[in-house]
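Data block for coords-v9.cif (mmCIF, C-alpha atoms and all ligand atoms):
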```cif
data_protein
#
loop_
_atom_site.label_atom_id
_atom_site.label_comp_id
_atom_site.auth_asym_id
_atom_site.auth_seq_id
_atom_site.Cartn_x
_atom_site.Cartn_y
_atom_site.Cartn_z
CA GLY A 1 29.94 -0.18 -27.40
CA GLU A 2 27.62 1.18 -24.73
CA ALA A 3 24.05 -0.07 -24.75
CA MET A 4 21.66 2.57 -26.05
CA CYS A 5 19.14 2.19 -23.29
CA GLU A 6 21.42 1.54 -20.37
CA LEU A 7 19.60 1.63 -17.03
CA PRO A 8 20.58 4.27 -14.51
CA LYS A 9 23.20 3.04 -12.05
CA ASP A 10 22.06 2.04 -8.59
CA LYS A 11 23.96 4.26 -6.14
CA SER A 12 22.21 3.00 -3.03
CA ASP A 13 25.44 1.65 -1.54
CA LYS A 14 26.57 5.28 -1.11
CA VAL A 15 23.56 6.16 1.04
CA ASP A 16 23.43 6.73 4.80
CA TRP A 17 20.05 5.01 5.25
CA LYS A 18 19.98 5.83 8.98
CA ALA A 19 20.11 9.52 8.12
CA VAL A 20 17.39 9.12 5.50
CA ARG A 21 15.26 7.32 8.05
CA ALA A 22 15.76 10.11 10.58
CA ASP A 23 14.50 12.62 8.00
CA ILE A 24 11.45 10.48 7.25
CA CYS A 25 10.76 10.30 10.99
CA LYS A 26 10.99 14.09 11.19
CA LEU A 27 8.44 14.32 8.39
CA LEU A 28 6.13 11.84 10.17
CA GLU A 29 6.15 14.07 13.25
CA ASP A 30 6.07 17.46 11.52
CA ASP A 31 3.58 19.80 13.28
CA LYS A 32 2.65 21.13 9.86
CA TYR A 33 0.68 17.90 9.37
CA GLU A 34 -0.79 17.78 12.87
CA LYS A 35 -4.36 17.48 11.54
CA GLU A 36 -3.52 14.53 9.36
CA PRO A 37 -0.12 12.91 9.94
CA PRO A 38 1.71 11.73 6.78
CA GLY A 39 2.22 8.07 7.80
CA PRO A 40 -0.89 6.54 6.19
CA VAL A 41 -0.61 8.32 2.85
CA LEU A 42 3.07 7.32 2.65
CA VAL A 43 2.03 3.68 3.12
CA ARG A 44 -0.55 4.10 0.35
CA LEU A 45 2.14 5.56 -1.93
CA ALA A 46 4.43 2.55 -1.38
CA TRP A 47 1.52 0.19 -2.05
CA HIS A 48 0.28 1.90 -5.22
CA ALA A 49 3.81 2.25 -6.58
CA SER A 50 4.15 -1.54 -6.20
CA GLY A 51 0.62 -2.76 -6.91
CA THR A 52 0.81 -2.25 -10.68
CA TYR A 53 2.96 -5.36 -11.04
CA ASP A 54 1.91 -7.96 -13.58
CA SER A 55 3.70 -11.27 -13.10
CA ALA A 56 2.79 -12.51 -16.61
CA THR A 57 4.55 -9.68 -18.45
CA LYS A 58 6.89 -8.73 -15.60
CA THR A 59 5.87 -5.08 -16.01
CA GLY A 60 4.87 -2.49 -13.43
CA GLY A 61 5.92 -2.54 -9.78
CA SER A 62 7.93 -0.16 -7.64
CA ASN A 63 11.09 -0.22 -9.76
CA GLY A 64 11.30 2.92 -11.89
CA ALA A 65 9.13 5.21 -9.73
CA THR A 66 6.94 5.51 -12.80
CA MET A 67 4.09 7.22 -10.92
CA ARG A 68 5.92 10.48 -11.68
CA PHE A 69 4.77 10.10 -15.28
CA THR A 70 1.42 10.12 -17.05
CA PRO A 71 -0.77 8.20 -17.40
CA GLU A 72 0.06 6.57 -14.03
CA SER A 73 0.03 9.89 -12.16
CA THR A 74 -3.51 10.52 -13.41
CA ASP A 75 -4.92 7.04 -12.68
CA GLY A 76 -8.05 7.68 -10.59
CA ALA A 77 -6.77 5.14 -8.04
CA ASN A 78 -3.75 7.39 -7.42
CA ALA A 79 -5.75 10.54 -6.67
CA GLY A 80 -4.13 12.45 -3.82
CA LEU A 81 -0.81 10.62 -3.96
CA HIS A 82 0.95 13.71 -5.35
CA ILE A 83 0.66 14.91 -1.74
CA ALA A 84 2.83 12.02 -0.55
CA ARG A 85 5.25 12.39 -3.46
CA ASN A 86 5.63 16.13 -2.77
CA MET A 87 6.30 15.49 0.93
CA LEU A 88 9.23 13.27 0.02
CA ALA A 89 10.72 15.55 -2.64
CA PRO A 90 12.91 17.54 -0.19
CA ILE A 91 14.35 14.28 1.18
CA LYS A 92 15.19 13.15 -2.36
CA ASP A 93 16.93 16.52 -2.92
CA LYS A 94 18.96 16.09 0.27
CA TYR A 95 20.09 12.56 -0.69
CA PRO A 96 20.72 12.55 -4.45
CA ASN A 97 22.05 8.96 -4.33
CA VAL A 98 18.70 7.65 -3.10
CA SER A 99 16.44 6.70 -6.00
CA LEU A 100 12.87 7.95 -5.70
CA ALA A 101 11.76 4.36 -6.27
CA ASP A 102 13.67 3.27 -3.14
CA LEU A 103 12.62 6.35 -1.16
CA TRP A 104 8.89 5.79 -1.74
CA ILE A 105 9.19 2.23 -0.44
CA PHE A 106 11.55 3.09 2.41
CA ALA A 107 9.17 5.86 3.55
CA GLY A 108 6.25 3.39 3.60
CA VAL A 109 8.24 0.81 5.52
CA THR A 110 9.51 3.41 7.99
CA ALA A 111 5.99 4.78 8.47
CA ILE A 112 4.60 1.31 9.25
CA GLU A 113 7.37 0.68 11.78
CA GLU A 114 7.06 4.11 13.39
CA MET A 115 3.28 3.70 13.72
CA GLY A 116 3.83 0.58 15.81
CA GLY A 117 3.80 -2.03 13.06
CA PRO A 118 6.15 -4.94 12.45
CA SER A 119 9.67 -4.37 11.23
CA ILE A 120 9.91 -5.02 7.54
CA GLU A 121 13.15 -5.90 5.84
CA PHE A 122 14.03 -3.15 3.35
CA ARG A 123 16.45 -3.72 0.49
CA PRO A 124 17.59 -0.78 -1.66
CA GLY A 125 18.44 -1.18 -5.31
CA ARG A 126 15.49 0.23 -7.27
CA THR A 127 16.34 2.74 -9.97
CA ASP A 128 14.32 5.60 -11.45
CA ALA A 129 13.13 5.22 -15.02
CA PRO A 130 14.51 8.15 -17.05
CA ASP A 131 11.29 8.57 -19.05
CA ALA A 132 7.73 7.32 -19.44
CA SER A 133 8.58 4.34 -21.66
CA THR A 134 8.08 1.76 -18.86
CA VAL A 135 4.92 3.26 -17.34
CA PRO A 136 2.29 0.54 -16.84
CA PRO A 137 -1.23 1.09 -18.19
CA ASN A 138 -3.85 2.53 -15.83
CA GLY A 139 -6.44 0.29 -14.22
CA ARG A 140 -4.11 -2.23 -12.57
CA LEU A 141 -4.98 -1.20 -8.99
CA PRO A 142 -8.10 -2.55 -7.26
CA ASP A 143 -11.51 -0.89 -7.36
CA ALA A 144 -13.35 -0.68 -4.06
CA ASP A 145 -16.61 -1.84 -5.59
CA LYS A 146 -17.39 -4.22 -8.44
CA GLY A 147 -21.05 -4.65 -7.61
CA GLN A 148 -22.32 -7.81 -5.92
CA PRO A 149 -20.03 -9.47 -3.35
CA ASN A 150 -19.03 -12.29 -5.71
CA SER A 151 -17.79 -9.86 -8.37
CA THR A 152 -15.89 -7.82 -5.79
CA CYS A 153 -14.21 -10.94 -4.35
CA GLN A 154 -13.34 -12.12 -7.85
CA HIS A 155 -11.90 -8.68 -8.65
CA ILE A 156 -9.69 -8.76 -5.52
CA ARG A 157 -8.47 -12.25 -6.48
CA ASP A 158 -7.87 -11.15 -10.09
CA ILE A 159 -5.88 -8.05 -9.14
CA PHE A 160 -3.78 -9.57 -6.34
CA GLY A 161 -3.51 -12.88 -8.17
CA ARG A 162 -1.97 -11.01 -11.10
CA MET A 163 0.76 -9.82 -8.69
CA GLY A 164 1.26 -13.37 -7.42
CA PHE A 165 -0.53 -13.29 -4.05
CA ASN A 166 -2.76 -15.97 -2.49
CA ASP A 167 -5.93 -15.45 -0.42
CA GLN A 168 -4.07 -15.30 2.87
CA GLU A 169 -1.65 -12.66 1.62
CA MET A 170 -4.52 -10.60 0.18
CA VAL A 171 -6.24 -10.53 3.56
CA ALA A 172 -3.02 -9.79 5.45
CA LEU A 173 -2.19 -6.86 3.15
CA SER A 174 -5.72 -5.46 3.53
CA GLY A 175 -5.01 -5.04 7.25
CA ALA A 176 -3.17 -1.83 6.32
CA HIS A 177 -6.62 -0.24 6.39
CA ALA A 178 -6.12 0.01 10.14
CA LEU A 179 -4.32 3.14 8.99
CA GLY A 180 -5.58 6.37 7.51
CA ARG A 181 -8.86 7.32 6.00
CA CYS A 182 -10.84 7.92 2.84
CA HIS A 183 -11.12 11.45 1.49
CA THR A 184 -14.17 12.50 -0.53
CA ASP A 185 -11.98 14.65 -2.77
CA ARG A 186 -9.61 11.74 -3.56
CA SER A 187 -11.63 8.53 -3.80
CA GLY A 188 -15.18 9.77 -3.19
CA TYR A 189 -15.37 7.72 0.01
CA TRP A 190 -15.37 9.22 3.48
CA GLY A 191 -13.88 8.42 6.86
CA PRO A 192 -11.44 6.25 8.77
CA TRP A 193 -11.60 2.49 9.28
CA THR A 194 -10.46 2.62 12.90
CA ARG A 195 -10.36 5.03 15.83
CA ALA A 196 -6.56 5.00 15.87
CA PRO A 197 -5.67 5.67 12.22
CA THR A 198 -2.00 6.35 12.96
CA THR A 199 -1.49 3.12 14.90
CA PHE A 200 -0.68 -0.04 12.98
CA SER A 201 -2.66 -2.87 14.60
CA ASN A 202 -5.09 -5.71 13.87
CA GLU A 203 -7.97 -3.38 14.71
CA TYR A 204 -9.30 -3.47 11.13
CA PHE A 205 -9.91 -7.21 11.41
CA ARG A 206 -11.40 -6.96 14.89
CA LEU A 207 -13.84 -4.29 13.71
CA LEU A 208 -14.74 -6.27 10.59
CA MET A 209 -15.67 -9.25 12.79
CA GLU A 210 -17.27 -7.48 15.75
CA GLU A 211 -19.13 -4.41 14.49
CA LYS A 212 -22.43 -4.30 12.70
CA TRP A 213 -21.81 -2.82 9.24
CA SER A 214 -24.62 -1.26 7.24
CA PRO A 215 -24.76 0.93 4.14
CA LYS A 216 -24.10 4.58 4.93
CA LYS A 217 -27.24 6.67 4.46
CA THR A 218 -26.45 10.11 5.87
CA HIS A 219 -23.45 12.34 6.34
CA GLU A 220 -23.33 15.31 8.73
CA GLY A 221 -27.12 15.44 8.89
CA LYS A 222 -27.65 15.29 5.13
CA LYS A 223 -28.28 12.46 2.71
CA TRP A 224 -25.06 10.59 1.76
CA THR A 225 -24.68 11.04 -1.99
CA GLY A 226 -21.30 9.34 -2.33
CA PRO A 227 -20.66 5.78 -3.52
CA LEU A 228 -21.87 2.77 -1.50
CA GLN A 229 -19.83 2.40 1.66
CA TYR A 230 -20.55 0.86 5.05
CA GLU A 231 -20.65 2.40 8.51
CA ASP A 232 -20.62 1.17 12.10
CA PRO A 233 -23.55 2.04 14.40
CA THR A 234 -21.86 5.33 15.44
CA GLY A 235 -21.45 6.40 11.81
CA GLU A 236 -17.86 7.41 12.60
CA LEU A 237 -16.07 4.40 11.12
CA MET A 238 -16.25 3.01 7.60
CA MET A 239 -15.63 -0.01 5.44
CA LEU A 240 -15.43 -0.14 1.64
CA PRO A 241 -17.41 -2.77 -0.27
CA SER A 242 -14.02 -4.44 -0.91
CA ASP A 243 -13.39 -4.57 2.87
CA ILE A 244 -16.81 -6.11 3.53
CA ALA A 245 -16.07 -8.63 0.75
CA LEU A 246 -13.45 -10.12 3.06
CA ILE A 247 -16.18 -11.31 5.45
CA GLN A 248 -18.58 -12.31 2.65
CA ASP A 249 -16.21 -14.91 1.24
CA LYS A 250 -15.54 -18.03 3.31
CA GLU A 251 -11.86 -18.36 2.40
CA PHE A 252 -11.12 -14.67 2.99
CA LYS A 253 -13.13 -14.66 6.24
CA ARG A 254 -11.10 -17.53 7.64
CA TRP A 255 -8.03 -15.29 7.61
CA VAL A 256 -9.92 -12.24 8.90
CA GLU A 257 -10.84 -14.36 11.93
CA VAL A 258 -7.27 -15.54 12.44
CA TYR A 259 -5.86 -12.01 12.29
CA ALA A 260 -8.64 -10.54 14.49
CA LYS A 261 -7.61 -12.97 17.24
CA ASP A 262 -3.87 -13.08 16.74
CA GLU A 263 -2.08 -9.78 16.19
CA ASP A 264 1.37 -11.38 16.24
CA ARG A 265 0.36 -13.66 13.40
CA PHE A 266 -1.00 -10.67 11.47
CA PHE A 267 2.23 -8.68 11.99
CA LYS A 268 4.35 -11.61 10.83
CA ASP A 269 2.27 -12.33 7.73
CA PHE A 270 1.86 -8.66 6.88
CA ALA A 271 5.60 -7.96 7.12
CA ARG A 272 6.38 -10.81 4.76
CA ALA A 273 3.63 -9.90 2.26
CA PHE A 274 4.51 -6.19 2.27
CA LYS A 275 8.16 -6.96 1.56
CA LYS A 276 7.08 -9.25 -1.28
CA LEU A 277 4.71 -6.57 -2.64
CA THR A 278 7.32 -3.84 -2.63
CA GLU A 279 9.95 -6.06 -4.27
CA LEU A 280 7.80 -7.25 -7.18
CA GLY A 281 9.69 -6.76 -10.42
CA VAL A 282 12.84 -5.54 -8.65
CA SER A 283 16.04 -7.50 -9.16
CA PHE A 284 18.56 -7.26 -6.37
CA PRO A 285 22.18 -8.18 -7.00
CA GLU A 286 22.20 -10.60 -4.07
CA ASP A 287 19.32 -12.54 -5.67
CA ASP A 288 21.82 -13.68 -8.29
CA ASN A 289 24.08 -15.05 -5.59
CA ILE A 290 24.12 -18.84 -5.78
CA LEU A 291 24.19 -19.28 -1.98
CA VAL A 292 21.12 -17.06 -1.55
CA LYS A 293 19.31 -19.01 -4.26
CA LEU A 294 20.18 -22.29 -2.58
CA LYS A 295 19.04 -21.05 0.83
CA LYS A 296 15.71 -19.95 -0.67
CA LEU A 297 15.28 -23.30 -2.31
CA VAL A 298 15.90 -25.15 0.93
CA LEU A 299 14.13 -22.82 3.38
CA GLY A 300 11.36 -21.65 1.05
FE1 LIG B 1 -6.27 0.96 0.44
N1 LIG B 1 -7.59 2.41 -0.01
N2 LIG B 1 -7.24 -0.33 -0.80
N3 LIG B 1 -4.84 -0.46 0.79
N4 LIG B 1 -5.23 2.29 1.59
C1 LIG B 1 -7.61 3.69 0.50
C2 LIG B 1 -6.76 4.22 1.44
C3 LIG B 1 -5.67 3.52 1.97
C4 LIG B 1 -8.36 -0.06 -1.52
C5 LIG B 1 -9.00 1.17 -1.63
C6 LIG B 1 -8.64 2.30 -0.90
C7 LIG B 1 -4.82 -1.72 0.26
C8 LIG B 1 -5.85 -2.32 -0.46
C9 LIG B 1 -6.94 -1.65 -0.97
C10 LIG B 1 -4.09 2.01 2.30
C11 LIG B 1 -3.30 0.87 2.18
C12 LIG B 1 -3.66 -0.25 1.45
C13 LIG B 1 -8.69 4.42 -0.10
C14 LIG B 1 -9.04 5.86 0.20
C15 LIG B 1 -9.34 3.56 -0.96
C16 LIG B 1 -10.56 3.85 -1.81
C17 LIG B 1 -8.16 6.84 -0.59
C18 LIG B 1 -8.50 8.26 -0.19
O1 LIG B 1 -9.66 8.66 -0.39
O2 LIG B 1 -7.61 8.96 0.33
C19 LIG B 1 -8.82 -1.27 -2.18
C20 LIG B 1 -10.04 -1.39 -3.08
C21 LIG B 1 -7.94 -2.26 -1.83
C22 LIG B 1 -7.94 -3.71 -2.18
O3 LIG B 1 -8.85 -4.27 -2.74
C23 LIG B 1 -3.55 -2.34 0.56
C24 LIG B 1 -3.13 -3.74 0.12
C25 LIG B 1 -2.82 -1.42 1.30
C26 LIG B 1 -1.42 -1.52 1.86
C27 LIG B 1 -0.78 -2.64 2.11
C28 LIG B 1 -3.82 3.10 3.22
C29 LIG B 1 -2.68 3.17 4.24
C30 LIG B 1 -4.82 4.06 3.01
C31 LIG B 1 -5.01 5.37 3.76
C32 LIG B 1 -4.42 6.53 3.01
C33 LIG B 1 -4.62 7.87 3.70
O4 LIG B 1 -4.36 8.88 3.04
O5 LIG B 1 -5.01 7.92 4.87
#
```
What's the structure tokens form of this structure?
Ligand code: CCH
Amino acid sequence: GEAMCELPKDKSDKVDWKAVRADICKLLEDDKYEKEPPGPVLVRLAWHASGTYDSATKTGGSNGATMRFTPESTDGANAGLHIARNMLAPIKDKYPNVSLADLWIFAGVTAIEEMGGPSIEFRPGRTDAPDASTVPPNGRLPDADKGQPNSTCQHIRDIFGRMGFNDQEMVALSGAHALGRCHTDRSGYWGPWTRAPTTFSNEYFRLLMEEKWSPKKTHEGKKWTGPLQYEDPTGELMMLPSDIALIQDKEFKRWVEVYAKDEDRFFKDFARAFKKLTELGVSFPEDDNILVKLKKLVLG
């Protein structure tokens, strides 16, 4: 008979992805969001949907779109991401055959490309979990500060290592902080990393290497009472303790230097790492194809 807990069917082959993309592009350019364009928060949604993956137990990850459910929706790390999820809801309604799990990733990929980033191969096939039974526990996403530099570096390696990433991939992925900003009402931190927060570039790495970063003391003429963060001499740009950790650790810093000098290299490595991130825990039918397996084995 039928399995009791049969997974929802993947209907992504019935989707006009070009049309979906056009609607995401419309959202990215919507005047309604003139003050703060949606691109960066959509990238953060794709990352947080994926970054819960645990390679040891093969749980978490973007499959399932479990951030709709508690406790994941209430994880402090996900504060503000309901904004991104709500922006995409009308597109989900318009394309019922698109799973939310695919849409969240496709929106992030499209946003990166539209903001001038590398093209990233997108494969559909994620399905939406019908209930909260596969929701990962909270606390799997990185904290921006674990105290002294060594603890923060170790934390970054623990979290991204759990997903299966090496030092180089960790640094490449962090380059997404060229985009967007921190919001005091979401994370407690304030400000953008770069002066062009809707342009995907290697600017984050260049600024890490070239600016003088010191602990933020004041904000708009008053004492800064938020958590420890760093500012450039103008006070307009910021870095989190976890960003500064990348230049406090020799191995991490090596890659910061490479990407600060070589944007093409950064784009290439980022595109590969972001695809890997957003496919963690997802099984695609073509992965079971013997020829694909063989090609991977030979070409790596
Ligand atoms: Fe991040 N990120 N991130 N981040 N992030 C924040 C915002 C963005 C950490 C902490 C924060 C990645 C890695 C890390 C984006 C993409 C990526 C914020 C501010 C914090 C805090 C949230 C707010 O207040 O709105 C930490 C810690 C790590 C790793 O150790 C990775 C990896 C990616 C993507 C590949 C993007 C984009 C934003 C901007 C969001 C916005 O709304 O502008």
Discussion item. List as JSON, numbers by chain the protein and nucleic acid residues near segment 24-37 of chain A, meaning an atom at most 9 Å away when all atoms listed in the file are counted, but skip any in the same chain fewer than 6 places from it.
Written reply: {"A": [87, 88, 91, 106, 107, 110, 111, 114, 180, 198]}
Worksheet item: Near Leu81 of chain A, within 12 Å and counting only C-alpha atoms, which residues show up once chain neighbours fewer than 5 positions away are dropped, as a list in words?
Response: Pro38, Pro40, Val41, Leu42, Val43, Arg44, Leu45, Ala46, Trp47, His48, Ala49, Met67, Arg68, Glu72, Ser73, Thr74, Asp75, Gly76, Asn86, Met87, Leu88, Trp104, His183, Asp185, Arg186 and Ser187 of chain A
Practice prompt. Considering all atoms listed in the file, state which residue in the set A:Gly161, A:Gly188, A:Gly117, A:Gly64 is at the smallest distance from ligand LIG 1 (chain B).
Written response: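 Between A:Gly161, A:Gly188, A:Gly117, A:Gly64, the residue approaching ligand LIG 1 (chain B) most closely is A:Gly188.
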Discussion item. Neighbouring residues of Ile156 of chain A were defined as those with any atom within 8 Å, considering all atoms listed in the file; residues of the same chain fewer than 3 positions away were excluded. Please report them as a list in words.
Written reply: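 Listing them by chain and then by number gives Pro142, Thr152, Cys153, Ile159, Phe160, Gly161, Met170 and Ser242 of chain A.
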Worksheet item: Could you state the separation of atom CA of Asp288 of chain A and atom CA of Lys58 of chain A in Å, given to one decimal place?
Response: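 Atom-to-atom, atom CA of Asp288 of chain A and atom CA of Lys58 of chain A are spaced 17.3 Å apart.
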Worksheet item: Pick from A:Ala178, A:Ala144, A:Val256, A:Leu228: nearest to Tyr204 of chain A, with all atoms listed in the file counted?
Response: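 Closest to Tyr204 of chain A of all the choices is A:Ala178.
For the set A:Arg85, A:His219, A:Arg181, A:Arg126, the residue with the smallest atom-to-atom gap to ligand LIG 1 (chain B) is A:Arg181, counting only C-alpha atoms and all ligand atoms.
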Fill in: Minimum-distance residue to ligand LIG 1 (chain B), chosen among A:Gly226, A:Gly61, A:Pro136, A:Gly51 (using all atoms listed in the file)
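When distances to ligand LIG 1 (chain B) are compared using all atoms listed in the file, the smallest one comes from A:Gly51.
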Worksheet, complete the sentence: Across A:Arg265, A:Arg272, A:Lys212, A:Lys18, the smallest distance to ligand LIG 1 (chain B), with only C-alpha atoms and all ligand atoms counted, is shown by A:Arg272
Worksheet item: Looking at A:Pro285, A:Gly164, A:Gly235, A:Gly221, which one is nearest to Trp190 of chain A, with distances taken over all atoms listed in the file?
Response: A:Gly235
Fill in: Between atom CA of Thr134 of chain A and atom CA of Thr70 of chain A, distance in Å (one decimal)
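These atoms are spaced 10.8 Å apart.
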